[in-house]
>>> print(open('run.cif').read())   # mmCIF, C-alpha atoms
data_start
#
loop_
_atom_site.label_atom_id
_atom_site.label_comp_id
_atom_site.auth_asym_id
_atom_site.auth_seq_id
_atom_site.Cartn_x
_atom_site.Cartn_y
_atom_site.Cartn_z
CA MET O 7 -33.79 -64.13 88.07
CA GLU O 8 -32.55 -62.83 84.75
CA ALA O 9 -32.36 -59.08 84.25
CA GLY O 10 -35.02 -57.53 82.04
CA LEU O 11 -34.22 -56.57 78.46
CA ALA O 12 -33.95 -52.85 79.31
CA GLU O 13 -31.40 -53.59 82.04
CA LEU O 14 -29.38 -55.85 79.72
CA LYS O 15 -29.30 -53.06 77.12
CA ARG O 16 -28.27 -50.48 79.72
CA LYS O 17 -25.35 -52.66 80.82
CA LEU O 18 -24.32 -53.37 77.22
CA LEU O 19 -24.41 -49.69 76.27
CA ALA O 20 -22.20 -48.79 79.24
CA LEU O 21 -19.76 -51.56 78.33
CA LEU O 22 -19.63 -50.47 74.68
CA GLU O 23 -19.07 -46.83 75.62
CA LYS O 24 -16.31 -47.73 78.07
CA GLU O 25 -14.43 -50.40 76.08
CA ALA O 26 -15.39 -50.45 72.40
CA LEU O 27 -15.87 -46.83 71.31
CA LYS O 28 -12.65 -45.21 70.11
CA ARG O 29 -12.26 -41.64 68.87
CA GLY O 30 -9.70 -40.56 66.28
CA GLN O 31 -9.32 -41.06 62.53
CA PHE O 32 -10.28 -44.47 61.15
CA LEU O 33 -10.82 -46.12 57.77
CA LEU O 34 -13.86 -48.38 57.87
CA SER O 35 -14.27 -51.64 55.95
CA SER O 36 -16.82 -49.78 53.82
CA GLY O 37 -13.97 -47.54 52.64
CA LYS O 38 -15.41 -44.54 54.48
CA ALA O 39 -13.36 -42.37 56.82
CA SER O 40 -14.71 -41.83 60.33
CA ASN O 41 -13.79 -39.86 63.45
CA TYR O 42 -14.86 -42.78 65.64
CA TYR O 43 -14.61 -46.56 65.56
CA LEU O 44 -16.82 -48.98 67.41
CA ASP O 45 -15.08 -52.35 67.76
CA GLY O 46 -17.82 -54.70 68.84
CA ARG O 47 -15.45 -57.67 69.05
CA ILE O 48 -13.81 -56.12 72.10
CA ILE O 49 -17.14 -56.69 73.82
CA THR O 50 -18.41 -59.88 72.17
CA LEU O 51 -15.18 -61.70 73.03
CA THR O 52 -15.57 -61.07 76.78
CA PRO O 53 -17.74 -63.22 79.06
CA GLU O 54 -20.01 -60.34 80.11
CA GLY O 55 -20.30 -58.83 76.64
CA ALA O 56 -20.96 -62.19 74.98
CA TYR O 57 -23.69 -62.92 77.52
CA LEU O 58 -25.34 -59.50 77.18
CA VAL O 59 -25.29 -59.51 73.37
CA ALA O 60 -26.49 -63.13 73.14
CA SER O 61 -29.29 -62.54 75.65
CA ILE O 62 -30.58 -59.49 73.80
CA ILE O 63 -30.30 -61.03 70.32
CA LEU O 64 -31.92 -64.28 71.44
CA GLU O 65 -34.86 -62.25 72.74
CA MET O 66 -35.04 -60.22 69.49
CA ALA O 67 -34.94 -63.47 67.47
CA ARG O 68 -37.48 -65.40 69.54
CA PRO O 69 -40.60 -64.38 67.54
CA ASP O 70 -38.98 -65.51 64.28
CA LYS O 71 -38.37 -69.13 65.34
CA VAL O 72 -35.29 -69.59 63.17
CA ALA O 73 -33.09 -72.65 62.76
CA ALA O 74 -29.80 -70.76 62.90
CA ILE O 75 -28.11 -67.42 63.53
CA GLY O 76 -24.86 -66.29 61.95
CA GLY O 77 -23.25 -63.87 59.57
CA PRO O 78 -20.10 -62.54 58.01
CA THR O 79 -16.82 -63.47 59.60
CA LEU O 80 -15.31 -61.92 61.80
CA GLY O 81 -17.92 -59.70 63.44
CA ALA O 82 -20.60 -62.39 63.59
CA ASP O 83 -18.36 -65.22 64.82
CA PRO O 84 -18.44 -64.58 68.58
CA ILE O 85 -22.08 -63.41 68.45
CA ALA O 86 -23.29 -66.56 66.71
CA GLY O 87 -21.35 -68.81 69.08
CA ALA O 88 -22.64 -67.04 72.17
CA VAL O 89 -26.25 -67.12 70.92
CA ALA O 90 -25.98 -70.85 70.13
CA ALA O 91 -24.55 -71.64 73.59
CA LEU O 92 -27.14 -69.54 75.43
CA SER O 93 -30.00 -70.96 73.34
CA HIS O 94 -28.92 -74.47 74.35
CA MET O 95 -28.77 -73.46 78.02
CA LYS O 96 -32.31 -72.07 77.75
CA GLY O 97 -33.64 -75.19 76.02
CA GLU O 98 -34.37 -73.27 72.80
CA PRO O 99 -31.51 -74.49 70.57
CA VAL O 100 -30.51 -72.32 67.62
CA ARG O 101 -27.54 -73.41 65.51
CA ALA O 102 -24.72 -71.05 64.53
CA PHE O 103 -23.06 -70.47 61.16
CA ILE O 104 -20.32 -68.27 59.74
CA VAL O 105 -20.09 -66.90 56.22
CA ARG O 106 -16.60 -66.53 54.75
CA LYS O 107 -15.81 -63.84 52.18
CA ALA O 108 -15.09 -66.68 49.71
CA ALA O 109 -15.25 -70.45 49.74
CA LYS O 110 -12.19 -72.25 51.07
CA GLU O 111 -9.96 -73.79 48.43
CA HIS O 112 -9.29 -76.86 50.58
CA GLY O 113 -11.19 -79.30 52.77
CA MET O 114 -14.92 -79.13 52.09
CA SER O 115 -14.54 -75.90 50.04
CA ARG O 116 -17.40 -74.23 51.90
CA GLN O 117 -18.23 -70.57 52.11
CA VAL O 118 -20.81 -71.14 54.86
CA GLU O 119 -19.34 -72.94 57.89
CA GLY O 120 -21.16 -74.70 60.70
CA PRO O 121 -23.84 -77.36 60.88
CA ALA O 122 -25.34 -77.76 57.40
CA LEU O 123 -28.11 -75.32 56.59
CA ARG O 124 -30.92 -76.89 54.58
CA SER O 125 -32.82 -75.29 51.72
CA GLY O 126 -35.96 -73.61 53.06
CA GLU O 127 -34.65 -73.15 56.60
CA SER O 128 -35.00 -69.69 58.12
CA VAL O 129 -32.04 -67.83 59.62
CA ILE O 130 -31.15 -64.47 61.07
CA LEU O 131 -28.00 -62.65 60.03
CA VAL O 132 -25.98 -60.93 62.77
CA ASP O 133 -22.97 -58.62 62.88
CA ASP O 134 -21.43 -56.28 65.41
CA VAL O 135 -21.69 -52.99 63.49
CA ALA O 136 -23.43 -52.00 60.25
CA THR O 137 -22.32 -49.04 58.15
CA THR O 138 -23.37 -49.69 54.55
CA GLY O 139 -24.52 -53.28 55.09
CA LYS O 140 -22.10 -54.59 52.46
CA ALA O 141 -20.86 -57.58 54.51
CA LEU O 142 -24.41 -58.63 55.40
CA ILE O 143 -25.49 -58.40 51.75
CA GLU O 144 -22.48 -60.50 50.70
CA ALA O 145 -23.48 -63.08 53.33
CA LYS O 146 -27.02 -63.09 51.89
CA VAL O 147 -25.65 -63.92 48.44
CA ALA O 148 -23.85 -66.97 49.86
CA LEU O 149 -26.97 -68.09 51.76
CA ASP O 150 -29.18 -67.60 48.69
CA LYS O 151 -27.09 -70.26 46.93
CA LEU O 152 -28.14 -72.70 49.66
CA GLY O 153 -31.83 -71.80 49.41
CA VAL O 154 -31.86 -70.45 52.96
CA LYS O 155 -34.50 -67.85 53.93
CA ILE O 156 -33.27 -64.78 55.80
CA LYS O 157 -35.87 -63.47 58.25
CA LYS O 158 -33.91 -60.32 59.16
CA ALA O 159 -30.53 -59.00 60.19
CA ILE O 160 -29.64 -57.89 63.72
CA VAL O 161 -26.59 -55.79 64.57
CA ILE O 162 -25.34 -54.43 67.85
CA VAL O 163 -24.95 -50.91 66.43
CA ASP O 164 -26.32 -49.31 63.25
CA ARG O 165 -24.09 -46.38 62.29
CA ASN O 166 -27.02 -44.95 60.26
CA GLU O 167 -24.92 -44.58 57.12
CA GLY O 168 -27.10 -46.48 54.65
CA ALA O 169 -27.12 -50.08 55.92
CA LYS O 170 -30.85 -50.16 56.67
CA GLU O 171 -31.73 -48.81 53.22
CA ASN O 172 -29.22 -51.02 51.36
CA LEU O 173 -30.39 -54.12 53.18
CA ALA O 174 -34.04 -53.24 52.48
CA LYS O 175 -33.19 -53.10 48.75
CA ALA O 176 -31.72 -56.60 49.14
CA GLY O 177 -34.93 -57.79 50.84
CA ILE O 178 -33.61 -57.85 54.41
CA ALA O 179 -35.06 -55.89 57.33
CA LEU O 180 -32.37 -54.52 59.66
CA GLU O 181 -32.87 -54.31 63.41
CA SER O 182 -30.26 -52.98 65.80
CA ILE O 183 -29.80 -53.08 69.53
CA PHE O 184 -28.48 -49.50 69.36
CA GLN O 185 -28.30 -46.63 66.90
CA ILE O 186 -25.10 -44.58 66.80
CA ALA O 187 -27.10 -41.64 68.21
CA ASP O 188 -27.40 -43.64 71.46
CA PHE O 189 -23.67 -42.87 71.90
CA GLY O 190 -24.15 -39.12 71.35
CA LEU O 191 -22.64 -39.33 67.85
#
>>> encode(input="run.cif", output="structure tokens")
Amino acid sequence: MEAGLAELKRKLLALLEKEALKRGQFLLSSGKASNYYLDGRIITLTPEGAYLVASIILEMARPDKVAAIGGPTLGADPIAGAVAALSHMKGEPVRAFIVRKAAKEHGMSRQVEGPALRSGESVILVDDVATTGKALIEAKVALDKLGVKIKKAIVIVDRNEGAKENLAKAGIALESIFQIADFGL
């Protein structure tokens, strides 16, 4: 029997605290300086972490009945893949996609990779950590060009540094598995 959502979150929080949370001086992709860094990829690229994150996000996405889940490379890549695999195993298939910072200059010259998203389809954006929400907003711009509808964005951790407000201005509701306060920060 699968663990309940609260138990999955408890295990994920412990794993994040043990493996992904680093203290020191860091420059974030937003350009901000921080005295801690939360590297979600350390968790999402492990079997246990991928399973926990995918299980929780799949449950958070279930009411929205979306065609696909994905987001900005590199944070979303392992999350989207894990969610797609788990959704198949559960008989509730959800495709995955990845949004590059810019379209490739070779091959198919795509900015959005994965099975083709069709105009009017609904998706959920995902990422490991949100600070200002810049990467998620850039992904939205690329998806808007395809006519894709974004139901919401889900991140593992919201650093509470403006992402929720910035995404709201862009028309995207942000949900998170954890807030940075859950780590005592």
>>> closest_atom_pairs(input="run.cif", of="segment 12-125 of chain O", to="segment 167-176 of chain O", cutoff="12 Å", atoms="all atoms listed in the file", output="JSON lines")
{"residue": "O:Leu34", "atom": "CA", "partner": "O:Glu167", "partner_atom": "CA", "distance": 11.7}
{"residue": "O:Ser36", "atom": "CA", "partner": "O:Glu167", "partner_atom": "CA", "distance": 10.2}
{"residue": "O:Lys38", "atom": "CA", "partner": "O:Glu167", "partner_atom": "CA", "distance": 9.9}
{"residue": "O:Ala39", "atom": "CA", "partner": "O:Glu167", "partner_atom": "CA", "distance": 11.8}
{"residue": "O:Ser40", "atom": "CA", "partner": "O:Glu167", "partner_atom": "CA", "distance": 11.1}
>>> write_last_selection(input="run.cif", atoms="C-alpha atoms", output="compact mmCIF listing (two decimals), keeping the file's coordinate frame")
# COMPACT_ATOMS: atom_id res chain seq x y z
CA LEU O 34 -13.86 -48.38 57.87
CA SER O 36 -16.82 -49.78 53.82
CA LYS O 38 -15.41 -44.54 54.48
CA ALA O 39 -13.36 -42.37 56.82
CA SER O 40 -14.71 -41.83 60.33
>>> resolve_selection(input="run.cif", expression="the PyMOL selection byres ((chain O and resi 54) around 12)", output="MDAnalysis selection string")
chainID O and resid 14 17:18 20:22 48:53 55:61 88
>>> closest_residue(input="run.cif", among="O:Arg165, O:Val100, O:Phe184, O:Thr79", to="Ser128 of chain O", atoms="all atoms listed in the file")
O:Val100
>>> residues_around(input="run.cif", residues="Gly77 of chain O", least_positions_apart="4", cutoff="12 Å", atoms="all atoms listed in the file", output="PDB file with C-alpha atoms, in the coordinates of the input")
ATOM      1  CA  GLY O  81     -17.920 -59.700  63.440  1.00  0.00           C
ATOM      2  CA  ALA O  82     -20.600 -62.390  63.590  1.00  0.00           C
ATOM      3  CA  ASP O  83     -18.360 -65.220  64.820  1.00  0.00           C
ATOM      4  CA  PRO O  84     -18.440 -64.580  68.580  1.00  0.00           C
ATOM      5  CA  ILE O  85     -22.080 -63.410  68.450  1.00  0.00           C
ATOM      6  CA  ALA O  86     -23.290 -66.560  66.710  1.00  0.00           C
ATOM      7  CA  GLY O  87     -21.350 -68.810  69.080  1.00  0.00           C
ATOM      8  CA  ALA O 102     -24.720 -71.050  64.530  1.00  0.00           C
ATOM      9  CA  PHE O 103     -23.060 -70.470  61.160  1.00  0.00           C
ATOM     10  CA  ILE O 104     -20.320 -68.270  59.740  1.00  0.00           C
ATOM     11  CA  VAL O 105     -20.090 -66.900  56.220  1.00  0.00           C
ATOM     12  CA  ARG O 106     -16.600 -66.530  54.750  1.00  0.00           C
ATOM     13  CA  LYS O 107     -15.810 -63.840  52.180  1.00  0.00           C
ATOM     14  CA  GLN O 117     -18.230 -70.570  52.110  1.00  0.00           C
ATOM     15  CA  VAL O 118     -20.810 -71.140  54.860  1.00  0.00           C
ATOM     16  CA  GLU O 119     -19.340 -72.940  57.890  1.00  0.00           C
ATOM     17  CA  GLY O 120     -21.160 -74.700  60.700  1.00  0.00           C
ATOM     18  CA  VAL O 129     -32.040 -67.830  59.620  1.00  0.00           C
ATOM     19  CA  ILE O 130     -31.150 -64.470  61.070  1.00  0.00           C
ATOM     20  CA  LEU O 131     -28.000 -62.650  60.030  1.00  0.00           C
ATOM     21  CA  VAL O 132     -25.980 -60.930  62.770  1.00  0.00           C
ATOM     22  CA  ASP O 133     -22.970 -58.620  62.880  1.00  0.00           C
ATOM     23  CA  ASP O 134     -21.430 -56.280  65.410  1.00  0.00           C
ATOM     24  CA  VAL O 135     -21.690 -52.990  63.490  1.00  0.00           C
ATOM     25  CA  ALA O 136     -23.430 -52.000  60.250  1.00  0.00           C
ATOM     26  CA  GLY O 139     -24.520 -53.280  55.090  1.00  0.00           C
ATOM     27  CA  LYS O 140     -22.100 -54.590  52.460  1.00  0.00           C
ATOM     28  CA  ALA O 141     -20.860 -57.580  54.510  1.00  0.00           C
ATOM     29  CA  LEU O 142     -24.410 -58.630  55.400  1.00  0.00           C
ATOM     30  CA  ILE O 143     -25.490 -58.400  51.750  1.00  0.00           C
ATOM     31  CA  GLU O 144     -22.480 -60.500  50.700  1.00  0.00           C
ATOM     32  CA  ALA O 145     -23.480 -63.080  53.330  1.00  0.00           C
ATOM     33  CA  LYS O 146     -27.020 -63.090  51.890  1.00  0.00           C
ATOM     34  CA  VAL O 147     -25.650 -63.920  48.440  1.00  0.00           C
ATOM     35  CA  ALA O 148     -23.850 -66.970  49.860  1.00  0.00           C
ATOM     36  CA  LEU O 149     -26.970 -68.090  51.760  1.00  0.00           C
ATOM     37  CA  ILE O 156     -33.270 -64.780  55.800  1.00  0.00           C
ATOM     38  CA  LYS O 158     -33.910 -60.320  59.160  1.00  0.00           C
ATOM     39  CA  ALA O 159     -30.530 -59.000  60.190  1.00  0.00           C
ATOM     40  CA  ILE O 160     -29.640 -57.890  63.720  1.00  0.00           C
ATOM     41  CA  VAL O 161     -26.590 -55.790  64.570  1.00  0.00           C
TER      42      VAL O 161
END
>>> residues_near_point(input="run.cif", point="(-17.6, -45.3, 71.9)", cutoff="8 Å", atoms="all atoms listed in the file", output="list of chain:residue names")
O:Leu22, O:Glu23, O:Lys24, O:Glu25, O:Ala26, O:Leu27, O:Lys28, O:Arg29, O:Tyr42, O:Tyr43, O:Leu44, O:Phe189
>>> residues_around(input="run.cif", residues="Ile186 of chain O", least_positions_apart="3", cutoff="9 Å", atoms="all atoms listed in the file", output="PDB file with C-alpha atoms, in the frame of the given file")
ATOM      1  CA  VAL O 163     -24.950 -50.910  66.430  1.00  0.00           C
ATOM      2  CA  ASP O 164     -26.320 -49.310  63.250  1.00  0.00           C
ATOM      3  CA  ARG O 165     -24.090 -46.380  62.290  1.00  0.00           C
ATOM      4  CA  ASN O 166     -27.020 -44.950  60.260  1.00  0.00           C
ATOM      5  CA  PHE O 189     -23.670 -42.870  71.900  1.00  0.00           C
ATOM      6  CA  GLY O 190     -24.150 -39.120  71.350  1.00  0.00           C
ATOM      7  CA  LEU O 191     -22.640 -39.330  67.850  1.00  0.00           C
TER       8      LEU O 191
END
>>> atom_distance(input="run.cif", atom1="atom CA of Glu98 of chain O", atom2="atom CA of Gly10 of chain O")
18.3 Å
>>> atom_distance(input="run.cif", atom1="atom CA of Leu123 of chain O", atom2="atom CA of Lys155 of chain O")
10.2 Å
>>> atom_distance(input="run.cif", atom1="atom CA of Ile162 of chain O", atom2="atom CA of Gly37 of chain O")
20.2 Å
>>> closest_residue(input="run.cif", among="O:Val89, O:Ala74, O:Met95, O:Ala179", to="Glu127 of chain O", atoms="all atoms listed in the file")
O:Ala74
>>> closest_residue(input="run.cif", among="O:Lys96, O:Arg47, O:Lys151, O:Lys157", to="Glu65 of chain O", atoms="all atoms listed in the file")
O:Lys96
>>> closest_residue(input="run.cif", among="O:Leu19, O:Leu64, O:Gly30, O:Ala108", to="Gly46 of chain O", atoms="only C-alpha atoms")
O:Leu19
>>> closest_residue(input="run.cif", among="O:Arg124, O:His94, O:Arg16, O:Arg101", to="Ile62 of chain O", atoms="all atoms listed in the file")
O:Arg16
>>> axis_aligned_box(input="run.cif", around="segment 178-182 of chain O", padding_each_side="3 Å", output="JSON")
{"center_x": -32.7, "center_y": -55.4, "center_z": 60.1, "size_x": 10.8, "size_y": 10.9, "size_z": 17.4}
>>> closest_residue(input="run.cif", among="O:Ala122, O:Leu180, O:Leu152, O:Met66", to="Leu11 of chain O", atoms="all atoms listed in the file")
O:Met66
>>> decode(input="run.cif", residues="segment 12-143 of chain O", atoms="C-alpha atoms", output="PDB file, in the first residue's frame")
ATOM      1  CA  ALA O  12       1.737  13.446   4.491  1.00  0.00           C
ATOM      2  CA  GLU O  13       4.195  10.569   4.890  1.00  0.00           C
ATOM      3  CA  LEU O  14       5.631  11.139   1.396  1.00  0.00           C
ATOM      4  CA  LYS O  15       6.159  14.814   2.249  1.00  0.00           C
ATOM      5  CA  ARG O  16       7.792  13.948   5.580  1.00  0.00           C
ATOM      6  CA  LYS O  17      10.255  11.633   3.837  1.00  0.00           C
ATOM      7  CA  LEU O  18      10.980  14.187   1.110  1.00  0.00           C
ATOM      8  CA  LEU O  19      11.589  16.975   3.623  1.00  0.00           C
ATOM      9  CA  ALA O  20      14.054  14.805   5.552  1.00  0.00           C
ATOM     10  CA  LEU O  21      15.853  13.887   2.330  1.00  0.00           C
ATOM     11  CA  LEU O  22      16.054  17.529   1.212  1.00  0.00           C
ATOM     12  CA  GLU O  23      17.368  18.662   4.598  1.00  0.00           C
ATOM     13  CA  LYS O  24      19.989  15.914   4.673  1.00  0.00           C
ATOM     14  CA  GLU O  25      21.212  15.998   1.054  1.00  0.00           C
ATOM     15  CA  ALA O  26      20.110  19.132  -0.808  1.00  0.00           C
ATOM     16  CA  LEU O  27      20.321  22.037   1.650  1.00  0.00           C
ATOM     17  CA  LYS O  28      23.749  23.676   1.713  1.00  0.00           C
ATOM     18  CA  ARG O  29      24.800  26.605   3.888  1.00  0.00           C
ATOM     19  CA  GLY O  30      27.415  29.174   2.877  1.00  0.00           C
ATOM     20  CA  GLN O  31      27.536  32.017   0.356  1.00  0.00           C
ATOM     21  CA  PHE O  32      25.857  31.401  -3.002  1.00  0.00           C
ATOM     22  CA  LEU O  33      24.872  33.386  -6.081  1.00  0.00           C
ATOM     23  CA  LEU O  34      21.448  32.309  -7.302  1.00  0.00           C
ATOM     24  CA  SER O  35      20.312  32.195 -10.933  1.00  0.00           C
ATOM     25  CA  SER O  36      18.099  35.180 -10.093  1.00  0.00           C
ATOM     26  CA  GLY O  37      21.291  37.161  -9.438  1.00  0.00           C
ATOM     27  CA  LYS O  38      20.554  37.351  -5.711  1.00  0.00           C
ATOM     28  CA  ALA O  39      23.092  36.401  -3.049  1.00  0.00           C
ATOM     29  CA  SER O  40      22.018  33.847  -0.451  1.00  0.00           C
ATOM     30  CA  ASN O  41      23.437  32.227   2.679  1.00  0.00           C
ATOM     31  CA  TYR O  42      21.898  28.894   1.686  1.00  0.00           C
ATOM     32  CA  TYR O  43      21.382  26.900  -1.495  1.00  0.00           C
ATOM     33  CA  LEU O  44      18.809  24.213  -2.054  1.00  0.00           C
ATOM     34  CA  ASP O  45      19.853  21.971  -4.939  1.00  0.00           C
ATOM     35  CA  GLY O  46      16.747  19.999  -5.760  1.00  0.00           C
ATOM     36  CA  ARG O  47      18.484  18.052  -8.524  1.00  0.00           C
ATOM     37  CA  ILE O  48      20.521  16.202  -5.906  1.00  0.00           C
ATOM     38  CA  ILE O  49      17.210  14.700  -4.807  1.00  0.00           C
ATOM     39  CA  THR O  50      15.268  14.465  -8.080  1.00  0.00           C
ATOM     40  CA  LEU O  51      18.097  12.513  -9.708  1.00  0.00           C
ATOM     41  CA  THR O  52      17.989   9.743  -7.082  1.00  0.00           C
ATOM     42  CA  PRO O  53      15.530   6.835  -7.189  1.00  0.00           C
ATOM     43  CA  GLU O  54      13.929   7.674  -3.836  1.00  0.00           C
ATOM     44  CA  GLY O  55      13.801  11.426  -4.433  1.00  0.00           C
ATOM     45  CA  ALA O  56      12.416  11.052  -7.955  1.00  0.00           C
ATOM     46  CA  TYR O  57       9.700   8.735  -6.660  1.00  0.00           C
ATOM     47  CA  LEU O  58       8.754  10.993  -3.736  1.00  0.00           C
ATOM     48  CA  VAL O  59       8.646  14.176  -5.824  1.00  0.00           C
ATOM     49  CA  ALA O  60       6.749  12.503  -8.676  1.00  0.00           C
ATOM     50  CA  SER O  61       4.225  10.927  -6.303  1.00  0.00           C
ATOM     51  CA  ILE O  62       3.495  14.227  -4.574  1.00  0.00           C
ATOM     52  CA  ILE O  63       3.324  16.292  -7.774  1.00  0.00           C
ATOM     53  CA  LEU O  64       1.135  13.720  -9.515  1.00  0.00           C
ATOM     54  CA  GLU O  65      -1.285  13.947  -6.592  1.00  0.00           C
ATOM     55  CA  MET O  66      -1.186  17.783  -6.663  1.00  0.00           C
ATOM     56  CA  ALA O  67      -1.826  17.717 -10.437  1.00  0.00           C
ATOM     57  CA  ARG O  68      -4.615  15.129 -10.417  1.00  0.00           C
ATOM     58  CA  PRO O  69      -7.542  17.596 -10.076  1.00  0.00           C
ATOM     59  CA  ASP O  70      -6.311  19.601 -13.079  1.00  0.00           C
ATOM     60  CA  LYS O  71      -6.402  16.703 -15.580  1.00  0.00           C
ATOM     61  CA  VAL O  72      -3.559  18.044 -17.722  1.00  0.00           C
ATOM     62  CA  ALA O  73      -2.030  16.570 -20.865  1.00  0.00           C
ATOM     63  CA  ALA O  74       1.570  17.229 -19.857  1.00  0.00           C
ATOM     64  CA  ILE O  75       3.917  18.373 -17.109  1.00  0.00           C
ATOM     65  CA  GLY O  76       7.261  20.062 -17.653  1.00  0.00           C
ATOM     66  CA  GLY O  77       9.229  23.234 -17.272  1.00  0.00           C
ATOM     67  CA  PRO O  78      12.516  25.024 -17.625  1.00  0.00           C
ATOM     68  CA  THR O  79      15.602  22.944 -18.143  1.00  0.00           C
ATOM     69  CA  LEU O  80      17.482  21.818 -15.963  1.00  0.00           C
ATOM     70  CA  GLY O  81      15.428  21.842 -12.766  1.00  0.00           C
ATOM     71  CA  ALA O  82      12.278  20.466 -14.382  1.00  0.00           C
ATOM     72  CA  ASP O  83      13.952  17.737 -16.445  1.00  0.00           C
ATOM     73  CA  PRO O  84      14.150  14.939 -13.860  1.00  0.00           C
ATOM     74  CA  ILE O  85      10.822  15.954 -12.290  1.00  0.00           C
ATOM     75  CA  ALA O  86       8.935  15.800 -15.586  1.00  0.00           C
ATOM     76  CA  GLY O  87      10.481  12.457 -16.506  1.00  0.00           C
ATOM     77  CA  ALA O  88       9.691  10.921 -13.127  1.00  0.00           C
ATOM     78  CA  VAL O  89       6.094  12.191 -13.194  1.00  0.00           C
ATOM     79  CA  ALA O  90       5.581  10.826 -16.723  1.00  0.00           C
ATOM     80  CA  ALA O  91       6.958   7.390 -15.765  1.00  0.00           C
ATOM     81  CA  LEU O  92       4.917   7.177 -12.559  1.00  0.00           C
ATOM     82  CA  SER O  93       1.749   8.382 -14.310  1.00  0.00           C
ATOM     83  CA  HIS O  94       2.152   5.557 -16.834  1.00  0.00           C
ATOM     84  CA  MET O  95       2.650   3.014 -14.049  1.00  0.00           C
ATOM     85  CA  LYS O  96      -0.555   4.262 -12.382  1.00  0.00           C
ATOM     86  CA  GLY O  97      -2.545   4.122 -15.625  1.00  0.00           C
ATOM     87  CA  GLU O  98      -3.010   7.912 -15.669  1.00  0.00           C
ATOM     88  CA  PRO O  99      -0.541   8.913 -18.417  1.00  0.00           C
ATOM     89  CA  VAL O 100       0.757  12.474 -18.435  1.00  0.00           C
ATOM     90  CA  ARG O 101       3.360  13.437 -21.034  1.00  0.00           C
ATOM     91  CA  ALA O 102       6.550  15.315 -20.172  1.00  0.00           C
ATOM     92  CA  PHE O 103       8.160  18.324 -21.842  1.00  0.00           C
ATOM     93  CA  ILE O 104      11.219  20.498 -21.328  1.00  0.00           C
ATOM     94  CA  VAL O 105      11.579  24.179 -22.168  1.00  0.00           C
ATOM     95  CA  ARG O 106      15.008  25.338 -23.323  1.00  0.00           C
ATOM     96  CA  LYS O 107      16.220  28.882 -22.672  1.00  0.00           C
ATOM     97  CA  ALA O 108      16.263  29.374 -26.472  1.00  0.00           C
ATOM     98  CA  ALA O 109      15.351  27.322 -29.511  1.00  0.00           C
ATOM     99  CA  LYS O 110      18.043  25.003 -30.841  1.00  0.00           C
ATOM    100  CA  GLU O 111      19.814  26.216 -33.957  1.00  0.00           C
ATOM    101  CA  HIS O 112      19.939  22.706 -35.419  1.00  0.00           C
ATOM    102  CA  GLY O 113      17.683  19.697 -35.867  1.00  0.00           C
ATOM    103  CA  MET O 114      14.034  20.644 -35.393  1.00  0.00           C
ATOM    104  CA  SER O 115      14.970  24.071 -33.938  1.00  0.00           C
ATOM    105  CA  ARG O 116      12.578  23.636 -31.017  1.00  0.00           C
ATOM    106  CA  GLN O 117      12.509  25.494 -27.755  1.00  0.00           C
ATOM    107  CA  VAL O 118       9.972  23.081 -26.246  1.00  0.00           C
ATOM    108  CA  GLU O 119      11.174  19.457 -26.337  1.00  0.00           C
ATOM    109  CA  GLY O 120       9.154  16.292 -25.909  1.00  0.00           C
ATOM    110  CA  PRO O 121       6.006  14.905 -27.477  1.00  0.00           C
ATOM    111  CA  ALA O 122       4.320  17.719 -29.420  1.00  0.00           C
ATOM    112  CA  LEU O 123       2.058  19.925 -27.341  1.00  0.00           C
ATOM    113  CA  ARG O 124      -1.079  20.973 -29.180  1.00  0.00           C
ATOM    114  CA  SER O 125      -2.739  24.379 -29.064  1.00  0.00           C
ATOM    115  CA  GLY O 126      -5.426  24.402 -26.379  1.00  0.00           C
ATOM    116  CA  GLU O 127      -3.908  21.581 -24.322  1.00  0.00           C
ATOM    117  CA  SER O 128      -3.498  22.202 -20.596  1.00  0.00           C
ATOM    118  CA  VAL O 129      -0.171  21.725 -18.826  1.00  0.00           C
ATOM    119  CA  ILE O 130       1.435  22.252 -15.454  1.00  0.00           C
ATOM    120  CA  LEU O 131       4.839  23.873 -15.127  1.00  0.00           C
ATOM    121  CA  VAL O 132       7.270  22.352 -12.617  1.00  0.00           C
ATOM    122  CA  ASP O 133      10.680  23.274 -11.229  1.00  0.00           C
ATOM    123  CA  ASP O 134      12.752  22.299  -8.231  1.00  0.00           C
ATOM    124  CA  VAL O 135      13.079  25.710  -6.540  1.00  0.00           C
ATOM    125  CA  ALA O 136      11.446  29.089  -7.162  1.00  0.00           C
ATOM    126  CA  THR O 137      13.041  32.364  -6.097  1.00  0.00           C
ATOM    127  CA  THR O 138      11.738  35.113  -8.388  1.00  0.00           C
ATOM    128  CA  GLY O 139       9.915  32.806 -10.807  1.00  0.00           C
ATOM    129  CA  LYS O 140      11.918  34.121 -13.769  1.00  0.00           C
ATOM    130  CA  ALA O 141      12.615  30.696 -15.333  1.00  0.00           C
ATOM    131  CA  LEU O 142       8.967  29.653 -15.036  1.00  0.00           C
ATOM    132  CA  ILE O 143       7.811  32.918 -16.629  1.00  0.00           C
TER     133      ILE O 143
END
